[in-house]
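Below: the structure, in structure tokens.
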Amino acid sequence: MHLTNQSAVTEFFLVGFPNTQLVEMFFFFVFGTIYVWTVTANIVIILVVRRDRHLHTPMYFFICNLSLLEIWYTTVSTPKLMDNFLMRNKLISLYGCILQFYVFFSLGSTQCLLLAVMAFDRYLAICNPLRYNAVMTRRAYTRAAFCSWGTGFVAMLVPCVLVMRLSFCGSNVINHFFCDADPLLKLSCTDTRLIELLDFFLALIIVLSSFMLTVVSYIYIINTVMRIPRFRGRGKAFSTCSSHLIIVVMFYTTVTFMYIRPRAQYSEMSKVVSVFHSVVTPLLNPFIYTLRNKDVKNAITKLMRQNTLQQVILQRRNKDNITVVL
């Protein structure tokens, strides 16, 4: 990026959640605990799926991708937020701000696409079970995940380049805890209408199309489930997609509140919802899948038993070796 003489801003001040030092220290430990649990829980999900052959299915493959995405999603903003609380260093460089902007929205776009693909996967499993294995092959679901990641990150390249070409010559105070689009664009002293128009079309193409695919898939799923004569059969069929549906509702509810509104209505409440979206939700997702999924819970229990057995065997070997030496 080439900064003109007009562009004097080289770093931004993140307002975050200003408070007393004692309260900020409390927030530091709260968000630190959430971050550690989020990363740990999602890593456990990935390891369990990889270790258990019974979970080598398209649905759990997509869950692993979602868990990996959640790790990066919370890592984009949470460590910097914790640094602001602990070190009170609320500054972020211009390059760091644009990078955070790019990665955050690329991951958000990827999540939209992954949730839509997962909804289509559940549609095939429930509405067309006989064709499921023929359609959802390993090559097909691997390509679907790859295209979701690739589309999400490629789509945000152009807006990111346009943001890099903006001039920031006035205030450098961002009223947020990370470089969100609206607070960042408000600080530009050049015209941002092209970026806003591009953001609108990207949202229309990626977010709305993903949302519509998800909604249509669940319309067919609900219609198919309601045709099942027995209530117990309906519950069993719907339980395979209930966790995904909960995550979809949480994701689109927070996204709608944060971005489907006039820019003038940006408020402190928007920052609170952003915390839930980027910090709390990545923690809830693995627990939603785990607590509502017997296969995952059984696989975790099996893995824990295997690790415990290995530790016992290792301890016995060490005792035997010590006895031989004596």
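Each chain in the structure tokens gets a letter, A, B and so on, in the order shown; residues start at 1 in every chain, and ligands are counted from 1 in the order they appear.
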
Practice problem: For Phe62 in chain A, please output as a PyMOL selection string all residues within 9 Å (counting only C-alpha atoms; exclusion window: fewer than 2 positions along the same chain). | Solution: chain A and resi 57-60+64-67+114-115+117-118+141-142+145

Practice problem: Could you tell me, as a PyMOL selection string, which residues of range 99-217 of chain A DSSP assigns to helix (DSSP H, G or I) when given the backbone? | Solution: chain A and resi 99-127+129-135+138-155+157-164+181-186+193-217

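Summary of the local environment: counting only C-alpha atoms, residues at most 12 Å from Thr38 in chain A, other than itself and those fewer than 4 positions away along its chain, are Phe31, Gly32, Thr33, Ile34, Asn42, Ile43, Val44, Ile45, Ser67, Leu68, Leu69, Glu70, Ile71, Trp72, Tyr73, Thr74, Thr75, Thr78, Ser278, Val279, Val280, Thr281, Pro282, Leu283, Leu284, Asn285, Pro286 and Phe287 of chain A.
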
Self-check item: Non-local contacts of Met156 in chain A (10 Å; only C-alpha atoms; under 2 positions in same chain excluded) as a ChimeraX atom specification
Solution: /A:101-107,109,151-154,158-161,198-199,202

Quiz item: Which is closer to Arg53 in chain A than all the others in A:Gln100, A:Arg305, A:Ser188, A:Ala299, using only C-alpha atoms?
Solution: A:Ala299

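Taking CA of Ala41 in chain A and CA of Val296 in chain A as endpoints, the distance between them is 12.3 Å.
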
Quiz item: Which residues in range 55-295 of chain A does DSSP call strand (DSSP E or B)? List them as number ranges by chain.
Solution: A: 91-93, 173-174

Find the residues near Phe177 in chain A: any atom within 7 Å, counting only C-alpha atoms, skip ones fewer than 2 places away on the same chain, and give them as an mmCIF file with all heavy atoms, in the first residue's frame.
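Wrote part_26.cif, looks like this:
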```cif
data_model
loop_
_atom_site.group_PDB
_atom_site.id
_atom_site.type_symbol
_atom_site.label_atom_id
_atom_site.label_comp_id
_atom_site.auth_asym_id
_atom_site.auth_seq_id
_atom_site.Cartn_x
_atom_site.Cartn_y
_atom_site.Cartn_z
ATOM 1 N N LEU A 14 -8.075 1.081 19.314
ATOM 2 C CA LEU A 14 -9.278 0.283 19.513
ATOM 3 C C LEU A 14 -9.897 0.621 20.872
ATOM 4 O O LEU A 14 -9.291 0.359 21.918
ATOM 5 C CB LEU A 14 -8.942 -1.206 19.449
ATOM 6 C CG LEU A 14 -8.414 -1.718 18.096
ATOM 7 C CD1 LEU A 14 -7.945 -3.169 18.235
ATOM 8 C CD2 LEU A 14 -9.476 -1.611 17.016
ATOM 9 N N VAL A 15 -11.078 1.192 20.851
ATOM 10 C CA VAL A 15 -11.734 1.618 22.084
ATOM 11 C C VAL A 15 -12.064 0.418 22.964
ATOM 12 O O VAL A 15 -11.832 0.429 24.177
ATOM 13 C CB VAL A 15 -13.005 2.421 21.777
ATOM 14 C CG1 VAL A 15 -13.769 2.731 23.068
ATOM 15 C CG2 VAL A 15 -12.654 3.707 21.048
ATOM 16 N N GLY A 16 -12.591 -0.647 22.337
ATOM 17 C CA GLY A 16 -12.927 -1.848 23.093
ATOM 18 C C GLY A 16 -14.026 -1.595 24.107
ATOM 19 O O GLY A 16 -15.042 -0.970 23.816
ATOM 20 N N LEU A 81 -7.962 -8.591 21.968
ATOM 21 C CA LEU A 81 -8.861 -8.065 22.993
ATOM 22 C C LEU A 81 -8.274 -8.292 24.378
ATOM 23 O O LEU A 81 -8.305 -7.399 25.240
ATOM 24 C CB LEU A 81 -10.225 -8.745 22.870
ATOM 25 C CG LEU A 81 -11.285 -8.390 23.924
ATOM 26 C CD1 LEU A 81 -11.611 -6.913 23.892
ATOM 27 C CD2 LEU A 81 -12.540 -9.223 23.716
#
```
